[in-house]
$ cat coords_14.csv   # CSV, C-alpha atoms and all ligand atoms
chain,number,residue,atom,x,y,z
T,66,MET,CA,0.0,0.0,0.0
T,67,LYS,CA,1.2,3.5,-0.8
T,68,LYS,CA,2.5,5.6,2.1
T,69,THR,CA,0.7,8.9,2.7
T,70,ILE,CA,2.4,12.2,3.1
T,71,LEU,CA,0.1,15.0,4.3
T,72,VAL,CA,1.2,18.5,3.2
T,73,LEU,CA,0.2,21.4,5.4
T,74,PRO,CA,1.6,24.7,3.8
T,75,GLY,CA,0.0,27.1,6.3
T,76,ASP,CA,0.7,30.8,6.2
T,77,GLY,CA,3.3,33.4,5.1
T,78,ILE,CA,6.2,31.9,3.1
T,79,GLY,CA,4.9,28.3,3.9
T,80,PRO,CA,2.9,27.8,0.6
T,81,GLU,CA,5.8,29.1,-1.6
T,82,VAL,CA,8.5,27.0,0.0
T,83,ILE,CA,6.2,23.9,0.1
T,84,LYS,CA,5.4,24.4,-3.6
T,85,GLN,CA,9.1,24.3,-4.4
T,86,THR,CA,9.8,21.3,-2.1
T,87,LEU,CA,7.0,19.3,-3.8
T,88,ARG,CA,8.9,19.8,-7.1
T,89,VAL,CA,11.9,18.2,-5.5
T,90,LEU,CA,9.8,15.3,-4.2
T,91,ASP,CA,8.5,14.8,-7.8
T,92,VAL,CA,12.0,14.3,-9.0
T,93,ILE,CA,12.8,11.8,-6.2
T,94,ASP,CA,9.5,10.0,-6.3
T,95,THR,CA,9.5,9.2,-10.0
T,96,ASP,CA,7.3,6.1,-9.7
T,97,HIS,CA,4.8,7.9,-7.4
T,98,ALA,CA,5.3,5.6,-4.4
T,99,PHE,CA,3.6,8.2,-2.2
T,100,HIS,CA,0.1,9.3,-1.9
T,101,ILE,CA,0.1,13.0,-1.2
T,102,THR,CA,-2.8,14.7,0.6
T,103,HIS,CA,-3.2,18.4,1.3
T,104,GLY,CA,-4.8,20.2,4.3
T,105,LEU,CA,-5.3,23.6,5.7
T,106,ILE,CA,-3.8,24.9,9.0
T,107,GLY,CA,-3.2,28.2,10.7
T,108,GLY,CA,-4.6,31.4,9.3
T,109,ALA,CA,-5.2,29.7,6.0
T,110,ALA,CA,-7.6,27.2,7.7
T,111,TYR,CA,-9.2,30.1,9.7
T,112,ASP,CA,-10.2,31.8,6.4
T,113,GLN,CA,-12.2,28.7,5.4
T,114,TYR,CA,-13.3,27.1,8.7
T,115,GLN,CA,-12.9,29.9,11.3
T,116,GLN,CA,-10.6,27.4,13.1
T,117,HIS,CA,-6.8,27.2,13.0
T,118,PHE,CA,-6.8,23.4,13.2
T,119,PRO,CA,-10.1,22.1,11.9
T,120,THR,CA,-11.3,18.5,12.4
T,121,GLN,CA,-10.9,18.0,8.6
T,122,THR,CA,-7.2,18.6,9.0
T,123,GLU,CA,-7.0,16.5,12.1
T,124,GLN,CA,-8.5,13.5,10.3
T,125,LEU,CA,-6.0,13.9,7.5
T,126,CYS,CA,-3.2,13.9,10.1
T,127,HIS,CA,-4.4,10.6,11.6
T,128,GLN,CA,-4.5,9.0,8.1
T,129,ALA,CA,-1.0,10.2,7.2
T,130,ASP,CA,2.3,8.4,7.7
T,131,ALA,CA,4.3,11.6,7.7
T,132,ILE,CA,3.5,15.3,7.6
T,133,LEU,CA,5.4,18.0,5.7
T,134,PHE,CA,4.5,21.2,7.4
T,135,GLY,CA,5.2,24.8,6.2
T,136,SER,CA,4.7,27.5,8.8
T,137,VAL,CA,1.9,29.3,10.6
T,138,GLY,CA,1.1,32.7,12.0
T,139,GLY,CA,0.7,36.3,10.8
T,140,PRO,CA,2.2,39.6,11.5
T,141,VAL,CA,2.6,40.2,15.3
T,142,GLU,CA,1.1,43.6,15.0
T,143,GLN,CA,-2.1,42.0,13.7
T,144,SER,CA,-2.3,39.4,16.5
T,145,HIS,CA,-5.4,41.1,17.9
T,146,HIS,CA,-7.4,40.0,14.8
T,147,ASN,CA,-9.4,36.8,15.3
T,148,LYS,CA,-7.5,35.2,12.3
T,149,TRP,CA,-4.1,35.6,14.0
T,150,GLN,CA,-5.1,35.6,17.6
T,151,ASP,CA,-3.5,32.5,19.3
T,152,CYS,CA,-2.9,31.1,15.8
T,153,GLU,CA,0.3,29.4,16.7
T,154,ARG,CA,-1.1,27.9,19.9
T,155,ASN,CA,-4.2,26.7,18.2
T,156,SER,CA,-2.5,25.2,15.2
T,157,ILE,CA,1.1,24.0,15.4
T,158,LEU,CA,1.1,23.6,19.2
T,159,ALA,CA,-2.3,21.8,19.1
T,160,LEU,CA,-1.0,19.6,16.3
T,161,ARG,CA,2.1,18.6,18.3
T,162,GLN,CA,-0.1,17.8,21.2
T,163,THR,CA,-2.7,15.8,19.2
T,164,LEU,CA,0.0,13.7,17.6
T,165,ASN,CA,2.0,13.4,20.8
T,166,LEU,CA,5.1,14.8,19.1
T,167,ALA,CA,7.4,14.8,22.2
T,168,ILE,CA,10.8,15.1,20.5
T,169,ASN,CA,12.1,17.7,18.1
T,170,MET,CA,15.5,17.6,16.5
T,171,ARG,CA,17.1,20.6,14.7
T,172,PRO,CA,20.5,20.3,13.0
T,173,ALA,CA,22.5,23.5,12.6
T,174,LYS,CA,24.8,22.6,9.8
T,175,LEU,CA,27.8,24.7,8.9
T,176,TYR,CA,28.4,24.7,5.1
T,177,PRO,CA,32.0,25.4,4.0
T,178,ALA,CA,30.6,27.2,0.9
T,179,LEU,CA,28.9,29.7,3.1
T,180,GLN,CA,31.7,30.5,5.5
T,181,ASP,CA,31.8,34.1,4.4
T,182,ILE,CA,28.3,34.9,5.6
T,183,SER,CA,28.5,33.4,9.0
T,184,PRO,CA,28.3,36.3,11.6
T,185,LEU,CA,31.3,34.6,13.4
T,186,LYS,CA,34.9,35.0,12.4
T,187,ASN,CA,36.2,31.9,10.6
T,188,GLN,CA,38.6,30.9,13.4
T,189,ARG,CA,35.7,30.7,15.8
T,190,LEU,CA,33.9,28.2,13.5
T,191,ALA,CA,37.0,26.0,13.0
T,192,GLY,CA,36.1,22.3,13.7
T,193,CYS,CA,32.4,23.0,13.9
T,194,GLU,CA,30.4,21.0,11.3
T,195,GLU,CA,27.0,20.4,12.8
T,196,ILE,CA,25.3,21.0,16.1
T,197,LEU,CA,22.2,18.8,16.8
T,198,ILE,CA,19.7,20.3,19.1
T,199,ILE,CA,17.2,18.0,20.7
T,200,ARG,CA,14.2,19.9,22.1
T,201,GLU,CA,11.6,18.4,24.3
T,202,LEU,CA,8.4,19.5,22.6
T,203,LEU,CA,5.3,18.8,24.8
T,204,GLY,CA,6.2,20.2,28.3
T,205,ASP,CA,7.5,23.3,30.0
T,206,ILE,CA,5.9,26.7,30.0
T,207,TYR,CA,4.4,26.1,26.5
T,208,PHE,CA,1.7,23.7,27.8
T,209,GLY,CA,1.1,24.9,31.4
T,210,GLU,CA,-1.8,27.2,32.3
T,211,HIS,CA,-1.5,30.7,30.7
T,212,ARG,CA,-3.4,33.5,32.6
T,213,GLN,CA,-3.9,37.2,32.4
T,214,TYR,CA,-5.8,38.8,35.3
T,215,ASN,CA,-6.2,41.9,37.4
T,216,HIS,CA,-5.5,42.2,41.1
T,217,ASN,CA,-5.5,45.4,43.2
T,218,GLU,CA,-5.9,47.4,39.9
T,219,LEU,CA,-2.6,45.9,38.6
T,220,ARG,CA,-2.5,43.7,35.5
T,221,PHE,CA,-0.8,40.4,36.0
T,222,ALA,CA,0.1,37.5,33.8
T,223,SER,CA,1.4,34.0,34.6
T,224,ASP,CA,2.6,31.0,32.6
T,225,LEU,CA,3.0,27.7,34.4
T,226,ALA,CA,6.1,25.6,33.5
T,227,THR,CA,5.7,21.8,34.3
T,228,TYR,CA,7.7,18.7,33.6
T,229,ASN,CA,7.3,15.1,34.6
T,230,GLU,CA,10.2,12.7,34.6
T,231,GLN,CA,8.9,10.6,31.7
T,232,GLN,CA,9.0,13.6,29.4
T,233,ILE,CA,12.6,14.4,30.4
T,234,ARG,CA,13.7,10.8,30.1
T,235,LYS,CA,12.3,10.5,26.5
T,236,ALA,CA,14.2,13.5,25.4
T,237,ALA,CA,17.4,12.4,27.1
T,238,GLU,CA,17.2,8.9,25.7
T,239,TYR,CA,16.8,10.3,22.2
T,240,ALA,CA,19.8,12.6,22.7
T,241,PHE,CA,22.1,9.9,24.0
T,242,GLN,CA,21.2,7.6,21.1
T,243,ALA,CA,21.8,10.4,18.6
T,244,ALA,CA,25.2,11.2,20.3
T,245,ARG,CA,26.2,7.5,20.2
T,246,LEU,CA,25.6,7.4,16.5
T,247,ARG,CA,27.6,10.6,15.9
T,248,ASN,CA,30.3,9.7,18.4
T,249,SER,CA,29.8,13.0,20.2
T,250,LYS,CA,29.0,14.1,23.7
T,251,VAL,CA,25.7,15.3,25.1
T,252,THR,CA,25.3,18.8,26.5
T,253,SER,CA,22.2,19.1,28.7
T,254,VAL,CA,21.1,22.7,29.0
T,255,ASP,CA,19.0,23.9,31.9
T,256,LYS,CA,18.6,26.6,34.5
T,257,ALA,CA,19.1,24.4,37.5
T,258,ASN,CA,20.5,27.2,39.7
T,259,VAL,CA,17.0,28.7,39.7
T,260,LEU,CA,14.2,26.5,38.3
T,261,ALA,CA,12.6,23.5,39.9
T,262,THR,CA,11.8,22.1,36.4
T,263,SER,CA,15.5,22.4,35.6
T,264,LYS,CA,16.5,20.6,38.8
T,265,LEU,CA,14.3,17.7,37.9
T,266,TRP,CA,15.7,17.9,34.3
T,267,ARG,CA,19.3,17.7,35.5
T,268,THR,CA,18.5,14.8,37.9
T,269,VAL,CA,16.7,12.7,35.3
T,270,VAL,CA,19.2,13.3,32.5
T,271,SER,CA,22.0,12.2,34.9
T,272,GLU,CA,20.1,9.0,35.6
T,273,VAL,CA,19.6,8.3,31.9
T,274,ALA,CA,23.3,8.9,31.4
T,275,LEU,CA,24.1,5.9,33.5
T,276,GLU,CA,22.6,3.7,30.8
T,277,TYR,CA,25.0,5.2,28.2
T,278,PRO,CA,28.4,4.9,29.8
T,279,ASP,CA,30.1,5.3,26.4
T,280,VAL,CA,28.6,8.8,25.9
T,281,LEU,CA,30.0,11.8,27.7
T,282,LEU,CA,27.4,14.1,29.4
T,283,GLU,CA,28.0,17.6,30.5
T,284,HIS,CA,25.5,20.0,32.1
T,285,MET,CA,25.4,23.7,31.1
T,286,LEU,CA,23.3,26.6,32.3
T,287,VAL,CA,21.3,28.1,29.5
T,288,ASP,CA,22.7,31.6,29.8
T,289,ASN,CA,26.2,30.2,29.6
T,290,CYS,CA,25.1,28.0,26.6
T,291,ALA,CA,23.8,31.1,24.7
T,292,MET,CA,27.3,32.7,25.2
T,293,GLN,CA,29.2,29.5,24.4
T,294,LEU,CA,27.3,29.0,21.1
T,295,ILE,CA,28.8,32.3,20.0
T,296,LEU,CA,32.3,32.0,21.6
T,297,ASN,CA,33.1,28.4,20.9
T,298,PRO,CA,30.4,26.5,18.9
T,299,ALA,CA,32.8,23.7,18.0
T,300,GLN,CA,32.6,22.4,21.5
T,301,PHE,CA,29.0,21.2,20.9
T,302,GLY,CA,27.8,17.9,19.4
T,303,VAL,CA,24.3,17.1,20.7
T,304,ILE,CA,22.5,19.6,22.9
T,305,VAL,CA,19.4,18.4,24.7
T,306,THR,CA,17.1,20.9,26.4
T,307,ALA,CA,13.6,21.9,27.5
T,308,ASN,CA,10.9,23.3,25.2
T,309,LEU,CA,11.4,27.0,25.7
T,310,PHE,CA,15.2,26.9,25.9
T,311,GLY,CA,15.2,24.7,22.8
T,312,ASP,CA,13.1,27.2,20.9
T,313,ILE,CA,15.5,30.0,21.7
T,314,LEU,CA,18.8,28.2,21.4
T,315,SER,CA,17.8,26.7,18.0
T,316,ASP,CA,17.2,30.1,16.5
T,317,ALA,CA,20.6,31.2,17.9
T,318,ALA,CA,22.4,28.1,16.5
T,319,SER,CA,20.7,28.6,13.2
T,320,ALA,CA,22.4,32.0,12.8
T,321,LEU,CA,25.9,30.3,12.9
T,322,PRO,CA,25.7,29.0,9.3
T,323,GLY,CA,24.2,32.4,8.3
T,324,SER,CA,20.4,32.2,8.2
T,325,LEU,CA,17.4,30.6,10.0
T,326,GLY,CA,16.1,29.8,6.5
T,327,MET,CA,18.4,26.8,6.2
T,328,MET,CA,17.5,24.9,9.4
T,329,PRO,CA,15.0,22.0,9.0
T,330,SER,CA,13.4,20.1,11.9
T,331,ALA,CA,11.8,16.8,12.6
T,332,SER,CA,9.4,15.9,15.4
T,333,PHE,CA,8.6,12.4,16.5
T,334,GLY,CA,5.7,11.0,18.5
T,335,ALA,CA,4.7,7.8,20.2
T,336,ASN,CA,2.6,6.4,17.4
T,337,GLY,CA,5.4,6.6,14.8
T,338,ILE,CA,4.2,9.6,12.8
T,339,GLY,CA,6.8,12.2,12.1
T,340,LEU,CA,6.2,15.9,11.3
T,341,TYR,CA,8.8,17.8,9.4
T,342,GLU,CA,9.0,21.6,9.3
T,343,PRO,CA,11.4,24.5,8.9
T,344,SER,CA,12.7,25.7,12.3
T,345,GLY,CA,11.9,29.3,11.4
T,346,GLY,CA,8.6,31.1,11.2
T,347,SER,CA,6.2,32.2,8.5
T,348,ALA,CA,8.1,35.4,7.7
T,349,PRO,CA,4.9,37.4,6.6
T,350,ASP,CA,7.1,40.4,5.7
T,351,ILE,CA,8.5,38.6,2.7
T,352,ALA,CA,5.6,36.2,1.9
T,353,GLY,CA,4.5,35.9,-1.7
T,354,GLN,CA,7.6,37.5,-3.2
T,355,ASN,CA,9.3,34.3,-4.2
T,356,THR,CA,12.5,35.4,-2.3
T,357,ALA,CA,12.4,33.1,0.7
T,358,ASN,CA,15.1,30.5,1.1
T,359,PRO,CA,13.5,27.1,0.4
T,360,MET,CA,16.5,25.2,2.0
T,361,ALA,CA,14.9,24.6,5.4
T,362,GLN,CA,11.8,23.2,3.8
T,363,ILE,CA,13.6,21.0,1.2
T,364,LEU,CA,15.9,19.7,3.9
T,365,SER,CA,12.9,18.9,6.0
T,366,LEU,CA,11.7,16.7,3.1
T,367,ALA,CA,15.1,15.0,3.3
T,368,LEU,CA,14.6,14.3,7.0
T,369,LEU,CA,11.1,13.0,6.3
T,370,LEU,CA,12.4,10.5,3.7
T,371,ARG,CA,15.2,9.4,6.0
T,372,HIS,CA,13.4,9.1,9.3
T,373,SER,CA,9.8,8.2,8.3
T,374,PHE,CA,10.6,6.0,5.3
T,375,ALA,CA,14.2,4.9,5.8
T,376,MET,CA,15.0,6.3,2.3
T,377,THR,CA,18.6,7.2,3.3
T,378,ALA,CA,20.0,7.3,-0.2
T,379,GLN,CA,17.4,9.7,-1.5
T,380,ALA,CA,17.7,11.9,1.6
T,381,THR,CA,21.4,12.1,1.2
T,382,GLN,CA,21.0,12.8,-2.5
T,383,ILE,CA,18.9,15.9,-1.7
T,384,GLU,CA,21.3,17.1,0.9
T,385,ASN,CA,24.2,16.7,-1.5
T,386,ALA,CA,22.3,18.5,-4.2
T,387,ILE,CA,21.8,21.5,-1.9
T,388,GLU,CA,25.5,21.6,-1.1
T,389,HIS,CA,26.3,21.4,-4.7
T,390,VAL,CA,24.1,24.4,-5.5
T,391,LEU,CA,25.7,26.4,-2.6
T,392,LYS,CA,29.2,25.5,-3.9
T,393,ALA,CA,28.2,26.6,-7.4
T,394,GLY,CA,27.5,30.0,-5.9
T,395,PHE,CA,23.7,30.3,-6.0
T,396,ARG,CA,22.2,32.1,-3.1
T,397,THR,CA,18.8,33.5,-2.0
T,398,VAL,CA,18.8,37.0,-0.6
T,399,ASP,CA,19.1,35.9,3.1
T,400,ILE,CA,22.5,34.4,2.4
T,401,TYR,CA,23.5,36.6,-0.5
T,402,ASP,CA,26.9,38.3,-0.6
T,403,GLU,CA,28.6,40.3,-3.4
T,404,GLY,CA,30.0,38.3,-6.2
T,405,TYR,CA,27.5,35.4,-5.9
T,406,ASN,CA,24.5,34.5,-8.0
T,407,LEU,CA,21.4,36.0,-6.5
T,408,VAL,CA,18.4,33.7,-7.1
T,409,SER,CA,14.7,33.5,-6.1
T,410,CYS,CA,13.1,30.7,-4.2
T,411,SER,CA,12.0,28.9,-7.4
T,412,GLU,CA,15.3,29.5,-9.2
T,413,PHE,CA,17.3,28.1,-6.2
T,414,THR,CA,15.0,25.0,-6.5
T,415,ASP,CA,15.6,24.8,-10.2
T,416,GLN,CA,19.3,24.5,-9.4
T,417,VAL,CA,18.6,21.8,-6.8
T,418,ILE,CA,16.5,19.9,-9.3
T,419,HIS,CA,19.3,20.3,-11.9
T,420,ALA,CA,21.9,19.0,-9.4
T,421,LEU,CA,19.6,16.0,-8.6
T,422,THR,CA,19.6,15.0,-12.3
T,423,LEU,CA,23.4,15.3,-12.8
A,1,LIG,C1,9.3,26.9,16.5
A,1,LIG,C2,8.3,28.1,16.5
A,1,LIG,C3,7.1,27.7,17.3
A,1,LIG,C4,7.5,27.3,18.7
A,1,LIG,C5,6.0,28.8,17.3
A,1,LIG,C6,5.5,29.1,15.9
A,1,LIG,C7,4.9,28.4,18.2
A,1,LIG,O1,9.0,29.2,17.0
A,1,LIG,O2,8.9,25.8,16.0
A,1,LIG,O3,10.4,27.1,16.9
A,1,LIG,O4,7.7,28.2,19.5
A,1,LIG,O5,7.7,26.2,19.0
A,2,MG,MG,11.1,29.0,17.2

$ encode --input "coords_14.csv" --output "structure tokens"
Amino acid sequence: MKKTILVLPGDGIGPEVIKQTLRVLDVIDTDHAFHITHGLIGGAAYDQYQQHFPTQTEQLCHQADAILFGSVGGPVEQSHHNKWQDCERNSILALRQTLNLAINMRPAKLYPALQDISPLKNQRLAGCEEILIIRELLGDIYFGEHRQYNHNELRFASDLATYNEQQIRKAAEYAFQAARLRNSKVTSVDKANVLATSKLWRTVVSEVALEYPDVLLEHMLVDNCAMQLILNPAQFGVIVTANLFGDILSDAASALPGSLGMMPSASFGANGIGLYEPSGGSAPDIAGQNTANPMAQILSLALLLRHSFAMTAQATQIENAIEHVLKAGFRTVDIYDEGYNLVSCSEFTDQVIHALTL
């Protein structure tokens, strides 16, 4: 039976980078081994159903073997409009929860061909090839109670952060296994000098480490980690951290290669379904201009093929094609530098497709 990939383009640059990525899939999947379904999510779903994650889309999710997700959300200054109000929470966060996607992995890969656009001096990047961030995705301040209230004529707000040991254990196990495969150490990042959730995090990660005596574990406070990512990124192999710290640190790490537009991500759940999405947002300011960098989305497809369908050769083929295009000097505007070939989202993809057929 054919495997089903559900495509959820969402908002902002989502639809245009998804469109290009499906062109790449067409080249890879010549014998149409996949059944592709399409659904609405985020503001795009709101337009039709007045809901950010309608039941129609939820049903499609349950029928899929893997999900290729674009991005959701609109301009922050319009977040008071119904269409955008709580859009992220009602769509991608609800989807992660519905599918029990507890683990998220985000590779920050340093491309030699892009060395000149890294904000760091080259000597700081020496020896740094890839940092893999494992982010716990269903706990923490994201999913605790959110409140806004008045008391004694003052406005208050509170967000509750919670973790249980099973959630932490799952993330830690994934990180140790990934580190074992890459022959690298695990850096567990927390704020254990202040937060109770972080104290539990540190205890549980240390317990899991006993089951992986061959993998080195170090603990690092999150403020120090933010600094170390800039001072000495080469010291990191696998970073494992809680939901909010993972959100922030993965954006920081994505800047090392030069642009958030290049970082894919994969999220895994208990029932085997994987969701693959760029680590960045919907970038409404550049939406519809065909200027977005499609790399994060195309690389998310590569992760989908590798992790959901064990199509390692095809995944590697896509990753190599991207490297080839970068080496040949084609760059979208976010990674553009003088002397290179400035290309649009679709032209960059044309080059990737060309490289795939070489
Ligand atoms: C991410 C995004 C999301 C998150 C937003 C869109 C809710 O920033 O995937 O990193 O915070 O998880
Ligand atoms: Mg984020």

$ residues_near_ligand --input "coords_14.csv" --ligand "ligand MG 2 (chain A)" --cutoff "8 Å" --atoms "all atoms listed in the file" --output "MDAnalysis selection string"
chainID T and resid 312:313 315:316 344:346

$ residues_near_ligand --input "coords_14.csv" --ligand "ligand LIG 1 (chain A)" --cutoff "10 Å" --atoms "all atoms listed in the file" --output "JSON, numbers by chain"
{"T": [136, 137, 138, 151, 152, 153, 154, 155, 156, 157, 158, 159, 161, 169, 171, 200, 202, 203, 207, 308, 309, 310, 311, 312, 313, 314, 315, 316, 330, 332, 342, 343, 344, 345, 346, 347]}

$ residues_near_point --input "coords_14.csv" --point "(3.4, 22.0, 4.3)" --cutoff "9 Å" --atoms "all atoms listed in the file" --output "VMD selection string"
chain T and resid 71 to 75 79 to 80 82 to 84 103 to 105 132 to 136 341 to 342 362

$ residues_around --input "coords_14.csv" --residues "stretch 228-239 of chain T" --least-positions-apart "2" --cutoff "7 Å" --atoms "only C-alpha atoms" --output "list in words"
Ile168, Glu201, Gly204, Asp205, Phe241, Gln242, Ala243, Thr262, Trp266, Val269, Val270, Val273 and Val305 of chain T

$ residues_around --input "coords_14.csv" --residues "T:Glu384" --least-positions-apart "4" --cutoff "12 Å" --atoms "all atoms listed in the file" --output "list in words"
Val89, Lys174, Tyr176, Met327, Pro329, Met360, Ala361, Gln362, Ile363, Leu364, Ser365, Leu366, Ala367, Leu368, Leu370, Arg371, Thr377, Ala378, Gln379, Ala380, Glu388, His389, Val390, Leu391, Val417, Ile418, Ala420 and Leu421 of chain T

$ residues_around --input "coords_14.csv" --residues "T:Gln115" --least-positions-apart "2" --cutoff "12 Å" --atoms "all atoms listed in the file" --output "number ranges by chain"
T: 105-113, 117-120, 147-150, 152, 155

$ atom_distance --input "coords_14.csv" --atom1 "atom CA of T:Arg396" --atom2 "atom CA of T:Asp181"
12.3 Å

$ residues_around --input "coords_14.csv" --residues "T:Tyr405" --least-positions-apart "5" --cutoff "10 Å" --atoms "only C-alpha atoms" --output "mmCIF file with C-alpha atoms, keeping the file's coordinate frame"
data_model
loop_
_atom_site.group_PDB
_atom_site.id
_atom_site.type_symbol
_atom_site.label_atom_id
_atom_site.label_comp_id
_atom_site.auth_asym_id
_atom_site.auth_seq_id
_atom_site.Cartn_x
_atom_site.Cartn_y
_atom_site.Cartn_z
ATOM 1 C CA LEU T 391 25.700 26.400 -2.600
ATOM 2 C CA ALA T 393 28.200 26.600 -7.400
ATOM 3 C CA GLY T 394 27.500 30.000 -5.900
ATOM 4 C CA PHE T 395 23.700 30.300 -6.000
ATOM 5 C CA ARG T 396 22.200 32.100 -3.100
ATOM 6 C CA THR T 397 18.800 33.500 -2.000
ATOM 7 C CA ILE T 400 22.500 34.400 2.400
#

$ residues_around --input "coords_14.csv" --residues "T:Pro298" --least-positions-apart "3" --cutoff "10 Å" --atoms "all atoms listed in the file" --output "list in words"
Leu185, Arg189, Leu190, Ala191, Gly192, Cys193, Glu194, Glu195, Ile196, Cys290, Ala291, Met292, Gln293, Leu294, Ile295, Phe301, Gly302, Ala318 and Leu321 of chain T

$ closest_residue --input "coords_14.csv" --among "T:Ile387, T:Cys126, T:Leu369, T:Ile182" --to "T:Leu164" --atoms "only C-alpha atoms"
T:Cys126

$ atom_distance --input "coords_14.csv" --atom1 "atom CA of T:Leu275" --atom2 "atom CA of T:Val251"
12.7 Å

$ closest_residue --input "coords_14.csv" --among "T:Phe221, T:Leu265, T:Pro184, T:Gly209" --to "T:Leu296" --atoms "all atoms listed in the file"
T:Pro184

$ atom_distance --input "coords_14.csv" --atom1 "atom CA of T:Tyr277" --atom2 "atom CA of T:Ile304"
15.5 Å

$ residues_near_point --input "coords_14.csv" --point "(4.6, 37.2, 13.2)" --cutoff "7 Å" --atoms "all atoms listed in the file" --output "list in words"
Gly138, Gly139, Pro140, Val141, Ala348 and Pro349 of chain T

$ closest_residue --input "coords_14.csv" --among "T:Met376, T:Ile206, T:Ala244, T:Ala299" --to "T:Ser263" --atoms "all atoms listed in the file"
T:Ile206

$ closest_residue --input "coords_14.csv" --among "T:Thr163, T:Ser409, T:Gln116, T:Gln382" --to "T:Thr422" --atoms "all atoms listed in the file"
T:Gln382

$ closest_residue --input "coords_14.csv" --among "T:Glu123, T:Thr86, T:Asp402, T:Ser373" --to "T:Leu340" --atoms "only C-alpha atoms"
T:Ser373

$ closest_residue --input "coords_14.csv" --among "T:Ala335, T:Ala274, T:Val259, T:Ile93" --to "T:Asp288" --atoms "all atoms listed in the file"
T:Val259
